[in-house]
file run-v5.pdb (PDB, C-alpha atoms)
ATOM      1  CA  ALA A   1     142.241 137.993 188.003  1.00  0.00           C
ATOM      2  CA  ARG A   2     142.471 139.245 191.594  1.00  0.00           C
ATOM      3  CA  HIS A   3     144.970 141.972 190.654  1.00  0.00           C
ATOM      4  CA  GLU A   4     142.864 142.943 187.640  1.00  0.00           C
ATOM      5  CA  ASP A   5     139.714 143.291 189.760  1.00  0.00           C
ATOM      6  CA  ALA A   6     141.630 145.447 192.240  1.00  0.00           C
ATOM      7  CA  ALA A   7     142.937 147.676 189.434  1.00  0.00           C
ATOM      8  CA  LEU A   8     139.430 148.116 187.991  1.00  0.00           C
ATOM      9  CA  ALA A   9     138.094 148.976 191.454  1.00  0.00           C
ATOM     10  CA  ALA A  10     140.845 151.585 191.898  1.00  0.00           C
ATOM     11  CA  TYR A  11     140.074 152.998 188.443  1.00  0.00           C
ATOM     12  CA  SER A  12     136.356 153.158 189.289  1.00  0.00           C
ATOM     13  CA  ASP A  13     137.145 155.087 192.478  1.00  0.00           C
ATOM     14  CA  ARG A  14     139.315 157.543 190.555  1.00  0.00           C
ATOM     15  CA  VAL A  15     136.800 158.360 187.811  1.00  0.00           C
ATOM     16  CA  GLY A  16     133.751 158.106 190.067  1.00  0.00           C
ATOM     17  CA  ARG A  17     131.918 155.773 187.678  1.00  0.00           C
ATOM     18  CA  LYS A  18     130.943 152.110 187.878  1.00  0.00           C
ATOM     19  CA  VAL A  19     132.930 149.680 185.724  1.00  0.00           C
ATOM     20  CA  TYR A  20     130.878 146.927 184.092  1.00  0.00           C
ATOM     21  CA  GLY A  21     131.177 144.355 181.317  1.00  0.00           C
ATOM     22  CA  ASP A  22     134.360 142.777 182.698  1.00  0.00           C
ATOM     23  CA  GLN A  23     135.377 139.746 180.629  1.00  0.00           C
ATOM     24  CA  ARG A  24     132.803 140.589 177.973  1.00  0.00           C
ATOM     25  CA  ARG A  25     133.360 138.213 175.067  1.00  0.00           C
ATOM     26  CA  ILE A  26     134.274 139.554 171.646  1.00  0.00           C
ATOM     27  CA  SER A  27     133.772 137.166 168.728  1.00  0.00           C
ATOM     28  CA  ILE A  28     133.256 138.701 165.300  1.00  0.00           C
ATOM     29  CA  PRO A  29     133.097 136.554 162.137  1.00  0.00           C
ATOM     30  CA  LEU A  30     135.040 138.182 159.312  1.00  0.00           C
ATOM     31  CA  PRO A  31     133.996 137.537 155.690  1.00  0.00           C
ATOM     32  CA  LYS A  32     136.157 135.913 153.038  1.00  0.00           C
ATOM     33  CA  GLU A  33     135.719 138.922 150.740  1.00  0.00           C
ATOM     34  CA  GLY A  34     138.325 140.908 152.671  1.00  0.00           C
ATOM     35  CA  PRO A  35     138.850 144.024 154.821  1.00  0.00           C
ATOM     36  CA  VAL A  36     136.695 146.399 152.764  1.00  0.00           C
ATOM     37  CA  GLN A  37     133.694 144.081 153.010  1.00  0.00           C
ATOM     38  CA  ALA A  38     134.337 143.591 156.726  1.00  0.00           C
ATOM     39  CA  LEU A  39     134.467 147.325 157.424  1.00  0.00           C
ATOM     40  CA  GLY A  40     131.309 147.907 155.425  1.00  0.00           C
ATOM     41  CA  THR A  41     129.160 145.118 156.850  1.00  0.00           C
ATOM     42  CA  VAL A  42     130.514 143.479 159.994  1.00  0.00           C
ATOM     43  CA  PHE A  43     131.720 146.160 162.377  1.00  0.00           C
ATOM     44  CA  PRO A  44     129.090 148.334 164.065  1.00  0.00           C
ATOM     45  CA  ALA A  45     128.881 152.059 163.432  1.00  0.00           C
ATOM     46  CA  PRO A  46     129.942 154.363 166.287  1.00  0.00           C
ATOM     47  CA  LEU A  47     127.461 153.983 169.114  1.00  0.00           C
ATOM     48  CA  ALA A  48     124.843 156.686 169.530  1.00  0.00           C
ATOM     49  CA  SER A  49     124.210 155.634 173.139  1.00  0.00           C
ATOM     50  CA  CYS A  50     126.020 153.725 175.883  1.00  0.00           C
ATOM     51  CA  LEU A  51     126.424 149.955 175.729  1.00  0.00           C
ATOM     52  CA  SER A  52     124.842 149.694 179.174  1.00  0.00           C
ATOM     53  CA  GLN A  53     121.664 151.249 177.743  1.00  0.00           C
ATOM     54  CA  ILE A  54     121.785 149.082 174.623  1.00  0.00           C
ATOM     55  CA  ASP A  55     122.278 145.933 176.701  1.00  0.00           C
ATOM     56  CA  ALA A  56     119.404 146.855 179.010  1.00  0.00           C
ATOM     57  CA  GLU A  57     117.083 147.425 176.056  1.00  0.00           C
ATOM     58  CA  ALA A  58     118.251 144.185 174.418  1.00  0.00           C
ATOM     59  CA  GLU A  59     117.561 142.292 177.638  1.00  0.00           C
ATOM     60  CA  ARG A  60     114.062 143.792 177.849  1.00  0.00           C
ATOM     61  CA  ILE A  61     113.305 142.853 174.237  1.00  0.00           C
ATOM     62  CA  GLY A  62     114.813 139.407 174.764  1.00  0.00           C
ATOM     63  CA  LYS A  63     112.644 138.709 177.790  1.00  0.00           C
ATOM     64  CA  GLU A  64     109.528 139.780 175.919  1.00  0.00           C
ATOM     65  CA  ALA A  65     110.466 137.554 172.973  1.00  0.00           C
ATOM     66  CA  GLY A  66     111.556 134.633 175.147  1.00  0.00           C
ATOM     67  CA  ILE A  67     115.185 134.755 173.959  1.00  0.00           C
ATOM     68  CA  GLU A  68     117.870 133.112 176.087  1.00  0.00           C
ATOM     69  CA  PRO A  69     119.962 135.560 178.186  1.00  0.00           C
ATOM     70  CA  SER A  70     123.171 134.404 176.456  1.00  0.00           C
ATOM     71  CA  SER A  71     121.827 135.770 173.159  1.00  0.00           C
ATOM     72  CA  MET A  72     120.682 139.152 174.424  1.00  0.00           C
ATOM     73  CA  LYS A  73     123.996 140.988 174.167  1.00  0.00           C
ATOM     74  CA  ARG A  74     124.268 139.774 170.587  1.00  0.00           C
ATOM     75  CA  ILE A  75     121.172 141.832 169.807  1.00  0.00           C
ATOM     76  CA  GLY A  76     122.752 144.850 171.485  1.00  0.00           C
ATOM     77  CA  ASN A  77     125.989 144.538 169.548  1.00  0.00           C
ATOM     78  CA  ASN A  78     124.034 144.055 166.302  1.00  0.00           C
ATOM     79  CA  TYR A  79     126.742 142.128 164.473  1.00  0.00           C
ATOM     80  CA  TYR A  80     126.276 141.194 160.831  1.00  0.00           C
ATOM     81  CA  GLU A  81     125.973 137.440 160.314  1.00  0.00           C
ATOM     82  CA  VAL A  82     128.624 135.808 158.114  1.00  0.00           C
ATOM     83  CA  ASP A  83     128.290 132.353 156.588  1.00  0.00           C
ATOM     84  CA  GLU A  84     131.560 130.393 156.785  1.00  0.00           C
ATOM     85  CA  PRO A  85     133.754 133.271 158.034  1.00  0.00           C
ATOM     86  CA  PHE A  86     137.376 133.463 156.909  1.00  0.00           C
ATOM     87  CA  PHE A  87     138.418 133.874 160.556  1.00  0.00           C
ATOM     88  CA  ARG A  88     137.182 135.456 163.786  1.00  0.00           C
ATOM     89  CA  LEU A  89     138.325 138.433 165.805  1.00  0.00           C
ATOM     90  CA  THR A  90     138.033 137.205 169.377  1.00  0.00           C
ATOM     91  CA  GLY A  91     138.992 138.260 172.879  1.00  0.00           C
ATOM     92  CA  PHE A  92     137.714 139.354 176.273  1.00  0.00           C
ATOM     93  CA  VAL A  93     137.296 142.991 177.297  1.00  0.00           C
ATOM     94  CA  ASP A  94     138.687 143.832 180.744  1.00  0.00           C
ATOM     95  CA  GLY A  95     135.968 146.379 181.447  1.00  0.00           C
ATOM     96  CA  LEU A  96     133.651 149.112 180.194  1.00  0.00           C
ATOM     97  CA  VAL A  97     132.732 152.443 181.745  1.00  0.00           C
ATOM     98  CA  ASP A  98     130.302 155.197 180.733  1.00  0.00           C
ATOM     99  CA  LEU A  99     132.029 158.590 180.840  1.00  0.00           C
ATOM    100  CA  PRO A 100     130.962 162.066 179.663  1.00  0.00           C
ATOM    101  CA  ARG A 101     131.441 162.666 175.969  1.00  0.00           C
ATOM    102  CA  LYS A 102     134.312 164.941 175.083  1.00  0.00           C
ATOM    103  CA  THR A 103     132.907 166.430 171.890  1.00  0.00           C
ATOM    104  CA  ALA A 104     129.329 165.542 171.002  1.00  0.00           C
ATOM    105  CA  LYS A 105     126.506 167.459 172.636  1.00  0.00           C
ATOM    106  CA  HIS A 106     123.543 165.738 174.215  1.00  0.00           C
ATOM    107  CA  ALA A 107     120.292 166.001 172.284  1.00  0.00           C
ATOM    108  CA  LYS A 108     118.560 167.753 175.203  1.00  0.00           C
ATOM    109  CA  GLY A 109     120.766 170.829 174.949  1.00  0.00           C
ATOM    110  CA  ASP A 110     124.159 171.889 176.182  1.00  0.00           C
ATOM    111  CA  GLU A 111     124.421 169.014 178.663  1.00  0.00           C
ATOM    112  CA  LEU A 112     127.037 166.469 177.643  1.00  0.00           C
ATOM    113  CA  GLY A 113     125.819 162.899 177.328  1.00  0.00           C
ATOM    114  CA  ASP A 114     127.789 159.783 178.245  1.00  0.00           C
ATOM    115  CA  GLU A 115     129.599 157.366 175.966  1.00  0.00           C
ATOM    116  CA  THR A 116     131.049 153.926 176.598  1.00  0.00           C
ATOM    117  CA  VAL A 117     134.821 153.746 177.008  1.00  0.00           C
ATOM    118  CA  VAL A 118     136.655 150.426 176.613  1.00  0.00           C
ATOM    119  CA  LEU A 119     139.179 149.574 179.334  1.00  0.00           C
ATOM    120  CA  GLU A 120     142.269 147.419 178.942  1.00  0.00           C
ATOM    121  CA  VAL A 121     144.276 146.701 182.109  1.00  0.00           C
ATOM    122  CA  LYS A 122     147.994 145.909 182.085  1.00  0.00           C
ATOM    123  CA  HIS A 123     150.068 145.133 185.170  1.00  0.00           C
ATOM    124  CA  ARG A 124     153.664 146.333 185.205  1.00  0.00           C
ATOM    125  CA  MET A 125     156.430 145.218 187.539  1.00  0.00           C
ATOM    126  CA  GLY A 126     159.214 147.532 186.364  1.00  0.00           C
ATOM    127  CA  LYS A 127     157.805 150.761 184.980  1.00  0.00           C
ATOM    128  CA  VAL A 128     154.813 152.271 183.239  1.00  0.00           C
ATOM    129  CA  LYS A 129     155.167 152.301 179.442  1.00  0.00           C
ATOM    130  CA  GLU A 130     154.507 155.801 178.115  1.00  0.00           C
ATOM    131  CA  PRO A 131     153.963 155.921 175.251  1.00  0.00           C
ATOM    132  CA  PRO A 132     152.443 152.429 175.507  1.00  0.00           C
ATOM    133  CA  GLU A 133     153.632 149.479 173.464  1.00  0.00           C
ATOM    134  CA  ILE A 134     152.030 149.405 170.014  1.00  0.00           C
ATOM    135  CA  TYR A 135     150.565 145.932 170.590  1.00  0.00           C
ATOM    136  CA  ASP A 136     148.648 147.186 173.637  1.00  0.00           C
ATOM    137  CA  ILE A 137     147.144 149.985 171.532  1.00  0.00           C
ATOM    138  CA  VAL A 138     146.280 147.519 168.755  1.00  0.00           C
ATOM    139  CA  GLN A 139     144.497 145.245 171.233  1.00  0.00           C
ATOM    140  CA  LEU A 140     142.502 148.093 172.760  1.00  0.00           C
ATOM    141  CA  SER A 141     141.696 149.516 169.319  1.00  0.00           C
ATOM    142  CA  SER A 142     140.450 146.099 168.187  1.00  0.00           C
ATOM    143  CA  TYR A 143     137.967 146.016 171.047  1.00  0.00           C
ATOM    144  CA  CYS A 144     136.853 149.582 170.293  1.00  0.00           C
ATOM    145  CA  ARG A 145     136.245 148.648 166.647  1.00  0.00           C
ATOM    146  CA  ALA A 146     134.393 145.484 167.609  1.00  0.00           C
ATOM    147  CA  LEU A 147     132.033 147.245 170.019  1.00  0.00           C
ATOM    148  CA  GLY A 148     131.489 150.471 168.080  1.00  0.00           C
ATOM    149  CA  CYS A 149     133.168 152.570 170.766  1.00  0.00           C
ATOM    150  CA  THR A 150     135.131 155.704 169.894  1.00  0.00           C
ATOM    151  CA  ARG A 151     137.212 155.931 173.075  1.00  0.00           C
ATOM    152  CA  GLY A 152     139.402 153.578 175.045  1.00  0.00           C
ATOM    153  CA  GLU A 153     141.637 153.871 178.077  1.00  0.00           C
ATOM    154  CA  LEU A 154     144.735 151.790 178.718  1.00  0.00           C
ATOM    155  CA  VAL A 155     145.013 151.356 182.488  1.00  0.00           C
ATOM    156  CA  GLN A 156     148.560 150.477 183.553  1.00  0.00           C
ATOM    157  CA  CYS A 157     148.978 149.340 187.127  1.00  0.00           C
ATOM    158  CA  LEU A 158     152.519 149.559 188.471  1.00  0.00           C
ATOM    159  CA  ARG A 159     152.492 147.274 191.468  1.00  0.00           C
ATOM    160  CA  VAL A 160     155.603 148.719 193.097  1.00  0.00           C
ATOM    161  CA  GLY A 161     154.509 149.815 196.556  1.00  0.00           C
ATOM    162  CA  ALA A 162     151.221 147.904 196.373  1.00  0.00           C
ATOM    163  CA  SER A 163     149.625 146.966 199.708  1.00  0.00           C
ATOM    164  CA  ALA A 164     146.411 145.593 201.137  1.00  0.00           C
ATOM    165  CA  THR A 165     144.807 149.003 200.631  1.00  0.00           C
ATOM    166  CA  SER A 166     146.554 150.173 197.448  1.00  0.00           C
ATOM    167  CA  VAL A 167     147.160 148.672 194.003  1.00  0.00           C
ATOM    168  CA  GLY A 168     150.262 150.832 193.567  1.00  0.00           C
ATOM    169  CA  THR A 169     150.514 153.432 190.802  1.00  0.00           C
ATOM    170  CA  LEU A 170     147.597 153.680 188.375  1.00  0.00           C
ATOM    171  CA  HIS A 171     148.405 155.301 185.028  1.00  0.00           C
ATOM    172  CA  ILE A 172     145.675 155.992 182.445  1.00  0.00           C
ATOM    173  CA  THR A 173     146.412 156.536 178.755  1.00  0.00           C
ATOM    174  CA  PRO A 174     143.422 157.687 176.654  1.00  0.00           C
ATOM    175  CA  VAL A 175     142.982 156.304 173.138  1.00  0.00           C
ATOM    176  CA  ASP A 176     141.014 158.356 170.632  1.00  0.00           C
ATOM    177  CA  PHE A 177     139.169 156.023 168.250  1.00  0.00           C
ATOM    178  CA  ARG A 178     136.822 158.523 166.659  1.00  0.00           C
ATOM    179  CA  GLU A 179     136.347 158.471 162.890  1.00  0.00           C
ATOM    180  CA  GLY A 180     139.373 160.079 161.241  1.00  0.00           C
ATOM    181  CA  SER A 181     141.612 159.588 164.292  1.00  0.00           C
ATOM    182  CA  HIS A 182     145.162 158.281 163.951  1.00  0.00           C
ATOM    183  CA  ASP A 183     144.475 154.979 165.723  1.00  0.00           C
ATOM    184  CA  ARG A 184     141.195 154.251 163.943  1.00  0.00           C
ATOM    185  CA  THR A 185     142.698 155.017 160.533  1.00  0.00           C
ATOM    186  CA  GLY A 186     145.742 152.882 161.303  1.00  0.00           C
ATOM    187  CA  TRP A 187     143.577 149.983 162.426  1.00  0.00           C
ATOM    188  CA  ASP A 188     141.381 150.102 159.325  1.00  0.00           C
ATOM    189  CA  ARG A 189     144.242 150.528 156.835  1.00  0.00           C
ATOM    190  CA  HIS A 190     146.965 148.393 158.372  1.00  0.00           C
ATOM    191  CA  VAL A 191     145.870 146.169 161.282  1.00  0.00           C
ATOM    192  CA  LEU A 192     142.764 144.635 159.695  1.00  0.00           C
ATOM    193  CA  PRO A 193     144.459 143.932 156.308  1.00  0.00           C
ATOM    194  CA  GLY A 194     147.396 142.471 158.252  1.00  0.00           C
ATOM    195  CA  LEU A 195     145.048 140.122 160.103  1.00  0.00           C
ATOM    196  CA  TYR A 196     143.655 138.926 156.772  1.00  0.00           C
ATOM    197  CA  CYS A 197     147.176 138.330 155.436  1.00  0.00           C
ATOM    198  CA  MET A 198     148.148 136.398 158.553  1.00  0.00           C
ATOM    199  CA  ALA A 199     145.027 134.223 158.369  1.00  0.00           C
ATOM    200  CA  ALA A 200     145.736 133.502 154.690  1.00  0.00           C
ATOM    201  CA  ALA A 201     149.323 132.545 155.579  1.00  0.00           C
ATOM    202  CA  VAL A 202     148.118 130.126 158.256  1.00  0.00           C
ATOM    203  CA  TYR A 203     145.759 128.470 155.783  1.00  0.00           C
ATOM    204  CA  GLU A 204     148.548 128.218 153.214  1.00  0.00           C
ATOM    205  CA  ALA A 205     150.858 126.555 155.730  1.00  0.00           C
ATOM    206  CA  ARG A 206     148.116 124.083 156.656  1.00  0.00           C
ATOM    207  CA  GLU A 207     147.719 123.083 153.011  1.00  0.00           C
ATOM    208  CA  ASN A 208     151.470 122.883 152.346  1.00  0.00           C
ATOM    209  CA  PRO A 209     153.197 120.085 154.320  1.00  0.00           C
ATOM    210  CA  GLY A 210     156.565 121.019 152.818  1.00  0.00           C
ATOM    211  CA  LEU A 211     156.294 124.573 154.110  1.00  0.00           C
ATOM    212  CA  ARG A 212     155.361 123.347 157.571  1.00  0.00           C
ATOM    213  CA  VAL A 213     158.397 121.067 157.645  1.00  0.00           C
ATOM    214  CA  GLN A 214     160.645 123.944 156.519  1.00  0.00           C
ATOM    215  CA  LEU A 215     159.301 126.230 159.254  1.00  0.00           C
ATOM    216  CA  LEU A 216     159.805 123.570 161.922  1.00  0.00           C
ATOM    217  CA  ALA A 217     163.197 122.360 160.730  1.00  0.00           C
ATOM    218  CA  GLU A 218     164.891 125.686 159.942  1.00  0.00           C
ATOM    219  CA  GLN A 219     167.293 126.536 162.776  1.00  0.00           C
ATOM    220  CA  ASP A 220     168.658 129.804 161.421  1.00  0.00           C
ATOM    221  CA  PRO A 221     166.426 132.602 162.810  1.00  0.00           C
ATOM    222  CA  LYS A 222     167.070 134.846 159.802  1.00  0.00           C
ATOM    223  CA  MET A 223     166.111 132.091 157.358  1.00  0.00           C
ATOM    224  CA  ARG A 224     162.995 131.311 159.405  1.00  0.00           C
ATOM    225  CA  ILE A 225     161.965 134.959 159.226  1.00  0.00           C
ATOM    226  CA  GLU A 226     162.524 134.896 155.469  1.00  0.00           C
ATOM    227  CA  LEU A 227     160.256 131.833 155.172  1.00  0.00           C
ATOM    228  CA  VAL A 228     157.530 133.626 157.097  1.00  0.00           C
ATOM    229  CA  ARG A 229     157.878 136.679 154.848  1.00  0.00           C
ATOM    230  CA  GLN A 230     157.336 134.511 151.801  1.00  0.00           C
ATOM    231  CA  VAL A 231     153.803 133.658 152.928  1.00  0.00           C
ATOM    232  CA  CYS A 232     152.972 136.890 154.815  1.00  0.00           C
ATOM    233  CA  GLU A 233     152.668 139.640 152.204  1.00  0.00           C
ATOM    234  CA  HIS A 234     152.260 142.407 154.788  1.00  0.00           C
ATOM    235  CA  LEU A 235     155.694 141.602 156.292  1.00  0.00           C
ATOM    236  CA  ARG A 236     157.643 141.942 153.034  1.00  0.00           C
TER     237      ARG A 236
END
call {"tool": "encode", "arguments": {"input": "run-v5.pdb", "output": "structure tokens"}}
result
Amino acid sequence: ARHEDAALAAYSDRVGRKVYGDQRRISIPLPKEGPVQALGTVFPAPLASCLSQIDAEAERIGKEAGIEPSSMKRIGNNYYEVDEPFFRLTGFVDGLVDLPRKTAKHAKGDELGDETVVLEVKHRMGKVKEPPEIYDIVQLSSYCRALGCTRGELVQCLRVGASATSVGTLHITPVDFREGSHDRTGWDRHVLPGLYCMAAAVYEARENPGLRVQLLAEQDPKMRIELVRQVCEHLR
């Protein structure tokens, strides 16, 4: 946590903007009906304003209505309620920052407005990964989808040469999550359906004691992989 705070502080100094929302909880209930239903009802549309503004307005409304502070961000995120969800998409965001929009124009004229960018911090001991590992992009994309953000930045901190006054090398990889982008399309078409398949496989293993015994007892790695493929359709 100490290294992560230092990396976020160094990032904030570089971009000249305050980082907020560190360790913001993500917990989205996903419906049993499947990915199409989830995309159409659960995940928020791309934000029209910054999360900091939405949170501030939600807090104001919450105070006027006498709602507990812990519930105020839920209003801002505006998640669709799901009875008996199939599973949940959960995690903690490392940080958020409001940066100038790269494409959309501000309603007042030619001035560019701000948009919220999701930050994911990774510490490296050997070298910076460029291009980043796919699982780091999937994690960051998941948070973007959950919050309705269309941009993310993977902040890699290479701690070689770090000192009391420096975190080492800070490398920033932007992730475009706008509608129609490569990462957003890949998440919607492959990652989310894969999550549903994995959840279904876990439930199947829970209901099948024989399968659980096979998975635990099989010592041949190749045979174990084959067993997993039998219950995980997306891995076949």
call {"tool": "atom_distance", "arguments": {"input": "run-v5.pdb", "atom1": "CA of Val155 (chain A)", "atom2": "CA of Met198 (chain A)"}}
result
28.4 Å
call {"tool": "residues_around", "arguments": {"input": "run-v5.pdb", "residues": "Arg145 (chain A)", "least_positions_apart": "2", "cutoff": "9 Å", "atoms": "only C-alpha atoms", "output": "tab-separated table (two decimals) with C-alpha atoms, in the coordinates of the input"}}
result
chain	number	residue	atom	x	y	z
A	43	PHE	CA	131.72	146.16	162.38
A	44	PRO	CA	129.09	148.33	164.06
A	45	ALA	CA	128.88	152.06	163.43
A	46	PRO	CA	129.94	154.36	166.29
A	140	LEU	CA	142.50	148.09	172.76
A	141	SER	CA	141.70	149.52	169.32
A	142	SER	CA	140.45	146.10	168.19
A	143	TYR	CA	137.97	146.02	171.05
A	147	LEU	CA	132.03	147.24	170.02
A	148	GLY	CA	131.49	150.47	168.08
A	149	CYS	CA	133.17	152.57	170.77
A	150	THR	CA	135.13	155.70	169.89
A	177	PHE	CA	139.17	156.02	168.25
A	184	ARG	CA	141.20	154.25	163.94
A	187	TRP	CA	143.58	149.98	162.43
call {"tool": "atom_distance", "arguments": {"input": "run-v5.pdb", "atom1": "CA of Cys50 (chain A)", "atom2": "CA of Asp114 (chain A)"}}
result
6.7 Å
call {"tool": "atom_distance", "arguments": {"input": "run-v5.pdb", "atom1": "CA of Arg229 (chain A)", "atom2": "CA of His182 (chain A)"}}
result
26.7 Å
call {"tool": "residues_near_point", "arguments": {"input": "run-v5.pdb", "point": "(125.9, 154.6, 174.0)", "cutoff": "9 Å", "atoms": "all atoms listed in the file", "output": "list in words"}}
result
Pro46, Leu47, Ala48, Ser49, Cys50, Leu51, Ser52, Gln53, Ile54, Asp98, Gly113, Asp114, Glu115, Thr116 and Cys149 of chain A
call {"tool": "resolve_selection", "arguments": {"input": "run-v5.pdb", "expression": "the PyMOL selection byres ((chain A and resi 25) around 10)", "output": "PyMOL selection string"}}
result
chain A and resi 21-24+26-28+73+90-94+143
call {"tool": "resolve_selection", "arguments": {"input": "run-v5.pdb", "expression": "the PyMOL selection byres ((chain A and resi 136) around 12)", "output": "ChimeraX atom specification"}}
result
/A:119-123,129-135,137-143,152-156,173,175,183
call {"tool": "write_last_selection", "arguments": {"input": "run-v5.pdb", "atoms": "C-alpha atoms", "output": "PDB file, in the coordinates of the input"}}
result
ATOM      1  CA  LEU A 119     139.179 149.574 179.334  1.00  0.00           C
ATOM      2  CA  GLU A 120     142.269 147.419 178.942  1.00  0.00           C
ATOM      3  CA  VAL A 121     144.276 146.701 182.109  1.00  0.00           C
ATOM      4  CA  LYS A 122     147.994 145.909 182.085  1.00  0.00           C
ATOM      5  CA  HIS A 123     150.068 145.133 185.170  1.00  0.00           C
ATOM      6  CA  LYS A 129     155.167 152.301 179.442  1.00  0.00           C
ATOM      7  CA  GLU A 130     154.507 155.801 178.115  1.00  0.00           C
ATOM      8  CA  PRO A 131     153.963 155.921 175.251  1.00  0.00           C
ATOM      9  CA  PRO A 132     152.443 152.429 175.507  1.00  0.00           C
ATOM     10  CA  GLU A 133     153.632 149.479 173.464  1.00  0.00           C
ATOM     11  CA  ILE A 134     152.030 149.405 170.014  1.00  0.00           C
ATOM     12  CA  TYR A 135     150.565 145.932 170.590  1.00  0.00           C
ATOM     13  CA  ILE A 137     147.144 149.985 171.532  1.00  0.00           C
ATOM     14  CA  VAL A 138     146.280 147.519 168.755  1.00  0.00           C
ATOM     15  CA  GLN A 139     144.497 145.245 171.233  1.00  0.00           C
ATOM     16  CA  LEU A 140     142.502 148.093 172.760  1.00  0.00           C
ATOM     17  CA  SER A 141     141.696 149.516 169.319  1.00  0.00           C
ATOM     18  CA  SER A 142     140.450 146.099 168.187  1.00  0.00           C
ATOM     19  CA  TYR A 143     137.967 146.016 171.047  1.00  0.00           C
ATOM     20  CA  GLY A 152     139.402 153.578 175.045  1.00  0.00           C
ATOM     21  CA  GLU A 153     141.637 153.871 178.077  1.00  0.00           C
ATOM     22  CA  LEU A 154     144.735 151.790 178.718  1.00  0.00           C
ATOM     23  CA  VAL A 155     145.013 151.356 182.488  1.00  0.00           C
ATOM     24  CA  GLN A 156     148.560 150.477 183.553  1.00  0.00           C
ATOM     25  CA  THR A 173     146.412 156.536 178.755  1.00  0.00           C
ATOM     26  CA  VAL A 175     142.982 156.304 173.138  1.00  0.00           C
ATOM     27  CA  ASP A 183     144.475 154.979 165.723  1.00  0.00           C
TER      28      ASP A 183
END
call {"tool": "residues_around", "arguments": {"input": "run-v5.pdb", "residues": "Leu227 (chain A)", "least_positions_apart": "5", "cutoff": "10 Å", "atoms": "only C-alpha atoms", "output": "CSV table (one decimal) with C-alpha atoms, in the frame of the given file"}}
result
chain,number,residue,atom,x,y,z
A,211,LEU,CA,156.3,124.6,154.1
A,214,GLN,CA,160.6,123.9,156.5
A,215,LEU,CA,159.3,126.2,159.3
A,218,GLU,CA,164.9,125.7,159.9
A,221,PRO,CA,166.4,132.6,162.8
A,222,LYS,CA,167.1,134.8,159.8
A,232,CYS,CA,153.0,136.9,154.8
call {"tool": "closest_residue", "arguments": {"input": "run-v5.pdb", "among": "A:Ala38, A:Ile61, A:Leu96, A:Ala200", "to": "Val118 (chain A)", "atoms": "all atoms listed in the file"}}
result
A:Leu96
call {"tool": "residues_around", "arguments": {"input": "run-v5.pdb", "residues": "Leu235 (chain A)", "least_positions_apart": "2", "cutoff": "12 Å", "atoms": "only C-alpha atoms", "output": "list in words"}}
result
His190, Val191, Pro193, Gly194, Leu195, Cys197, Met198, Ala201, Ile225, Glu226, Leu227, Val228, Arg229, Gln230, Val231, Cys232 and Glu233 of chain A
call {"tool": "write_last_selection", "arguments": {"input": "run-v5.pdb", "atoms": "C-alpha atoms", "output": "PDB file, keeping the file's coordinate frame"}}
result
ATOM      1  CA  HIS A 190     146.965 148.393 158.372  1.00  0.00           C
ATOM      2  CA  VAL A 191     145.870 146.169 161.282  1.00  0.00           C
ATOM      3  CA  PRO A 193     144.459 143.932 156.308  1.00  0.00           C
ATOM      4  CA  GLY A 194     147.396 142.471 158.252  1.00  0.00           C
ATOM      5  CA  LEU A 195     145.048 140.122 160.103  1.00  0.00           C
ATOM      6  CA  CYS A 197     147.176 138.330 155.436  1.00  0.00           C
ATOM      7  CA  MET A 198     148.148 136.398 158.553  1.00  0.00           C
ATOM      8  CA  ALA A 201     149.323 132.545 155.579  1.00  0.00           C
ATOM      9  CA  ILE A 225     161.965 134.959 159.226  1.00  0.00           C
ATOM     10  CA  GLU A 226     162.524 134.896 155.469  1.00  0.00           C
ATOM     11  CA  LEU A 227     160.256 131.833 155.172  1.00  0.00           C
ATOM     12  CA  VAL A 228     157.530 133.626 157.097  1.00  0.00           C
ATOM     13  CA  ARG A 229     157.878 136.679 154.848  1.00  0.00           C
ATOM     14  CA  GLN A 230     157.336 134.511 151.801  1.00  0.00           C
ATOM     15  CA  VAL A 231     153.803 133.658 152.928  1.00  0.00           C
ATOM     16  CA  CYS A 232     152.972 136.890 154.815  1.00  0.00           C
ATOM     17  CA  GLU A 233     152.668 139.640 152.204  1.00  0.00           C
TER      18      GLU A 233
END
